Amino acid sequence: MIETNANRSRNPERPEVSEPPQTEVHVGFTGVFKLFGSVVAVRDLNLDIRKGEFLVRVGPMGCGKTTTLRMLAGLERPTYGTIQIGRRVVNRVSCKDRNIALVFQSYALYPHMTVKENLAFGMKARREPRARIRARVQEVAQTLDVVELLNRRPAELSGGQRQRVALGRALIREPDVFLMDEPLSNLDAALRVQMRAELARLHERLGITTVYVTHDQVEAMTMGTRIALMRDGVLQQVDAPETLYARPANLYVAGFIGSPKMNLVSGRLTSLDGEVAVEWLGTCMALRGKVAATVKKHGSEVLIVGLRPEDLRWAPDAPSESTVRLRGPVEVVEPLGSETLVTVVVDGNRLTTRFPPRSGVQTGDIVELALDPTHLHVFDPDSGVSLREQ
Amino acid sequence: MTSPIAHASESDRLALEKDDLLVVRYPRVSGGGFAANLTRGLFGALFATPLLWMLLSSIDSHASWSIGVPTLTASNYAAIFHEAEMRPLLNSMYLAGVSTGVTTVSAVLSAYVLSRRHVPLRRVFLVFILFASGLPVTMVIVPTFQLFVTFHWLDSLFWTSLFLAASSLPFAIWLMKNFIDAVPEELEESAEIEGASSLRILLRIIIPLTIPGIGVTAIVTFINGWGAFLIPLVLNSNPSDTPASIAAYNFLSAFTTPKFGQLAAYSLLFSLPVLVLYLVMARRLSGAFSFGGSLRG
């Protein structure tokens, strides 16, 4: 993925491993619950966000990610638990005293004010000196390239321009924490990619701690220093994008991150030549390394075994480590240009694989696939927890 | 037993029939249209006749209860442009003006709170307001009179206008609340995060965005106060405080011949401010802001 690489280069300190460098904790959630009546929107959230970090909260609709953001903004109060910004517990601090800025999904521009007035509104409300307001408006307008729009009203702006103004309104404050609630979801695809890069550049330049909410995993993967994946109000995993992808903590994370999705098929614990092995897709494959020990210790007979589509290779194209071979008929061929997604039925299970672009494989062909058992993800079928990472 | 397919064809058939109806009925529209236009014309005439009478009689030196070709004269107007007849118009202006001011300001403030803040028993209160707005003033006029007697508020234009304001407040609150409800809450949240106080949010966000609604509320209240008859009649016996709505009756004395011409001229004059208000507001309203551009899309 190109964006991921770009991301990596823009932030050289970004950890390649799951243990990020120990920097100052900037925002902290401790045992936070949020209840709306009897509905639990957020359950026992514990999360530290480091200074200067770009933390992306991702998850499906209604998973509690926006509620968490609103609690941090001060628009909702947590039912239990504490929220800290810096060293201050902010549970009872009103939103205007938190020095945060929030970009709403709907932008929430003031329709009766010009862009200039929209930008200046907060500074005026805080009674900052006029000369400074004027200077800051100019500065921010230049940063976001909206100088020629300053005298227009929001209704006269395009979606992307509105998005910029909304961003500018947040920037002008020089906030301690920048909160964004799905800011790109109303833009068309091309503009979204462009704004994504712009936001990333902006974060790199300003280094402001940012909490970004999205349901789009591509946004999460490309923009986040770390990603916090939520589901039904429960935090599933917090890690750098690569770690989240390479070592998902549970079945849900494994299924959510990655497109096409990880192949998940149930298997059985067995042994092969004295080694711990799984019987999977009609073959026995020995597990190696740490995962073998944990699986053995876990002792569960039935397992869910996962494999990323790119780890299941077309045999002629496979590296030498891919020792395990599978055979099956091709069901669907989806050419994407740079690669071809091929669905192969093996032992009654549909598996998605990534084939090179000119493989010439057609529907109905019997193909041979190769995989490296070290790439296998093993999950407990009941709890869904990954046995690879324990 | 009906399958989904049967349903589909049923609805298709209905749709077809509907189309057919349109197609078939079109040639006959002129007949139906004629009937419709006739009905509209009749109703229009019903409304226009009194107005026409007013217009013609006001310039007729032999004005009577009937409509006829006027014997042109300006004497009717000349007769009413005297202090005795102008004073009630000023009184009406005072009553309607003060009650409009008080009602509109109170309605905006209370509607804002009812719309946005957590108010205990809000629903009960809102239903109560709705009920109160439907309460005829005749029902409360006697106890109100007693109240005014007790507090020595009788024969005071100011207190009368306050009672007028109170009587139009429930409807005004209800009206205003709907306008304020329509302002996206995120605008307010955004302003709040940016450090704006509640007052600033009200003055800079809510009020500018609900100007058309405030205008409508003010007009409704003004018309209510301007045309008020019973309240000033009961609470104000001082002749110098008589509003125009009551003064108009002086032209229909029981002891002399009714001065139809002057009555018509006066009535026209009386309806002018309301007319002007409508025109002004119609212009303002058409230029009003929508919430376009504030939210997505």
# chains A, B, ... in the order shown; residues from 1 in each chain; ligands from 1
$ interface_residues --of "chain A" --to "chain B" --cutoff "7 Å" --atoms "only C-alpha atoms" --output "MDAnalysis selection string"
chainID A and resid 95:96 101 106:112 122 125:126 154:155 159 186
$ residues_around --residues "stretch 251-258 of chain B" --least-positions-apart "5" --cutoff "12 Å" --atoms "only C-alpha atoms" --output "list in words"
His62, Ala63, Ser64, Trp65, Asn76, Ala79, Ile80, Glu85, Ala244, Ser245, Ile246, Leu263, Ala264, Ala265, Tyr266 and Ser267 of chain B
$ select_by_dssp --residues "stretch 197-342 of chain A" --states "strand (DSSP E or B)" --output "VMD selection string"
chain A and resid 209 to 214 226 to 231 234 to 239 250 263 to 272 275 to 280 283 to 286 302 to 307 312 to 314 324 to 335 340 to 342
$ residues_around --residues "stretch 213-220 of chain B" --least-positions-apart "2" --cutoff "8 Å" --atoms "only C-alpha atoms" --output "list of chain:residue names"
B:Thr100, B:Gly101, B:Thr103, B:Thr104, B:Val108, B:Ala172, B:Leu175, B:Met176, B:Phe179, B:Ile207, B:Thr210, B:Ile211, B:Phe222, B:Ile223, B:Asn224, B:Leu277, B:Tyr278, B:Met281
$ residues_around --residues "A:Val332" --least-positions-apart "3" --cutoff "7 Å" --atoms "only C-alpha atoms" --output "JSON, numbers by chain"
{"A": [342, 343, 363]}
$ residues_around --residues "B:Ser57" --least-positions-apart "2" --cutoff "7 Å" --atoms "only C-alpha atoms" --output "number ranges by chain"
B: 53-55, 59-60, 63, 70, 260-261, 264
$ select_by_dssp --residues "stretch 54-281 of chain B" --states "helix (DSSP H, G or I)" --output "MDAnalysis selection string"
chainID B and resid 54:58 75:80 83:116 122:133 137:150 157:181 185:193 198:209 211:226 230:235 239:241 244:252 260:281
$ atom_distance --atom1 "atom CA of A:Val367" --atom2 "atom CA of A:Leu272"
25.5 Å
$ atom_distance --atom1 "atom CA of A:Ala200" --atom2 "atom CA of A:Gly52"
12.3 Å
$ decode --residues "stretch 341-354 of chain A" --atoms "all heavy atoms" --output "CSV table (one decimal), in the first residue's frame"
chain,number,residue,atom,x,y,z
A,341,LEU,N,-7.9,-11.1,-7.6
A,341,LEU,CA,-8.4,-11.9,-6.5
A,341,LEU,C,-9.1,-13.1,-7.0
A,341,LEU,O,-9.9,-13.1,-7.9
A,341,LEU,CB,-9.4,-11.1,-5.7
A,341,LEU,CG,-8.9,-9.7,-5.1
A,341,LEU,CD1,-10.0,-9.1,-4.4
A,341,LEU,CD2,-7.7,-10.0,-4.2
A,342,VAL,N,-8.6,-14.3,-6.5
A,342,VAL,CA,-9.1,-15.5,-7.0
A,342,VAL,C,-9.7,-16.3,-5.8
A,342,VAL,O,-9.1,-16.4,-4.8
A,342,VAL,CB,-8.0,-16.4,-7.7
A,342,VAL,CG1,-8.6,-17.7,-8.1
A,342,VAL,CG2,-7.4,-15.6,-8.8
A,343,THR,N,-11.0,-16.7,-6.0
A,343,THR,CA,-11.6,-17.5,-4.9
A,343,THR,C,-11.5,-19.0,-5.3
A,343,THR,O,-11.9,-19.4,-6.4
A,343,THR,CB,-13.1,-17.1,-4.8
A,343,THR,OG1,-13.2,-15.7,-4.6
A,343,THR,CG2,-13.8,-17.8,-3.6
A,344,VAL,N,-10.9,-19.7,-4.4
A,344,VAL,CA,-10.6,-21.1,-4.7
A,344,VAL,C,-11.3,-22.0,-3.6
A,344,VAL,O,-11.3,-21.6,-2.5
A,344,VAL,CB,-9.1,-21.4,-4.6
A,344,VAL,CG1,-8.8,-22.9,-5.0
A,344,VAL,CG2,-8.3,-20.5,-5.6
A,345,VAL,N,-12.0,-23.0,-4.1
A,345,VAL,CA,-12.7,-23.9,-3.1
A,345,VAL,C,-11.8,-25.0,-2.7
A,345,VAL,O,-11.3,-25.8,-3.6
A,345,VAL,CB,-14.0,-24.4,-3.7
A,345,VAL,CG1,-14.7,-25.3,-2.7
A,345,VAL,CG2,-14.9,-23.3,-4.1
A,346,VAL,N,-11.4,-25.1,-1.4
A,346,VAL,CA,-10.5,-26.1,-1.0
A,346,VAL,C,-11.3,-26.8,0.2
A,346,VAL,O,-11.7,-26.2,1.2
A,346,VAL,CB,-9.2,-25.6,-0.4
A,346,VAL,CG1,-8.3,-26.7,0.1
A,346,VAL,CG2,-8.5,-24.8,-1.5
A,347,ASP,N,-11.5,-28.1,0.0
A,347,ASP,CA,-12.1,-28.9,1.0
A,347,ASP,C,-13.4,-28.3,1.5
A,347,ASP,O,-13.8,-28.3,2.6
A,347,ASP,CB,-11.2,-29.0,2.2
A,347,ASP,CG,-11.6,-30.1,3.2
A,347,ASP,OD1,-12.2,-31.1,2.7
A,347,ASP,OD2,-11.4,-30.0,4.4
A,348,GLY,N,-14.2,-27.8,0.5
A,348,GLY,CA,-15.5,-27.3,0.8
A,348,GLY,C,-15.5,-25.9,1.3
A,348,GLY,O,-16.5,-25.3,1.7
A,349,ASN,N,-14.3,-25.2,1.4
A,349,ASN,CA,-14.2,-23.9,2.0
A,349,ASN,C,-13.8,-22.9,0.9
A,349,ASN,O,-12.9,-23.2,0.1
A,349,ASN,CB,-13.2,-23.8,3.1
A,349,ASN,CG,-13.6,-24.7,4.3
A,349,ASN,OD1,-14.6,-24.5,4.9
A,349,ASN,ND2,-12.9,-25.8,4.5
A,350,ARG,N,-14.4,-21.7,0.8
A,350,ARG,CA,-14.0,-20.7,-0.1
A,350,ARG,C,-12.9,-19.9,0.4
A,350,ARG,O,-13.0,-19.4,1.5
A,350,ARG,CB,-15.2,-19.8,-0.4
A,350,ARG,CG,-16.2,-20.3,-1.3
A,350,ARG,CD,-17.2,-19.3,-1.7
A,350,ARG,NE,-18.2,-20.0,-2.5
A,350,ARG,CZ,-19.2,-20.6,-2.0
A,350,ARG,NH1,-19.4,-20.6,-0.7
A,350,ARG,NH2,-20.1,-21.2,-2.8
A,351,LEU,N,-11.8,-19.9,-0.3
A,351,LEU,CA,-10.6,-19.1,0.2
A,351,LEU,C,-10.3,-18.0,-0.8
A,351,LEU,O,-10.3,-18.3,-2.0
A,351,LEU,CB,-9.4,-20.1,0.3
A,351,LEU,CG,-9.6,-21.3,1.2
A,351,LEU,CD1,-8.3,-22.1,1.2
A,351,LEU,CD2,-9.8,-20.8,2.7
A,352,THR,N,-10.1,-16.8,-0.3
A,352,THR,CA,-9.7,-15.7,-1.2
A,352,THR,C,-8.2,-15.7,-1.3
A,352,THR,O,-7.5,-15.8,-0.3
A,352,THR,CB,-10.2,-14.4,-0.7
A,352,THR,OG1,-11.6,-14.6,-0.4
A,352,THR,CG2,-10.1,-13.3,-1.7
A,353,THR,N,-7.6,-15.6,-2.5
A,353,THR,CA,-6.2,-15.5,-2.6
A,353,THR,C,-5.9,-14.3,-3.6
A,353,THR,O,-6.7,-13.9,-4.4
A,353,THR,CB,-5.6,-16.8,-3.3
A,353,THR,OG1,-6.2,-16.9,-4.6
A,353,THR,CG2,-6.0,-18.0,-2.5
A,354,ARG,N,-4.6,-13.9,-3.4
A,354,ARG,CA,-4.2,-12.8,-4.4
A,354,ARG,C,-3.2,-13.5,-5.4
A,354,ARG,O,-2.2,-14.0,-5.0
A,354,ARG,CB,-3.4,-11.7,-3.6
A,354,ARG,CG,-4.2,-10.9,-2.7
A,354,ARG,CD,-3.3,-9.9,-2.0
A,354,ARG,NE,-4.0,-9.2,-0.9
A,354,ARG,CZ,-4.6,-8.1,-1.0
A,354,ARG,NH1,-4.7,-7.4,-2.1
A,354,ARG,NH2,-5.2,-7.5,0.1
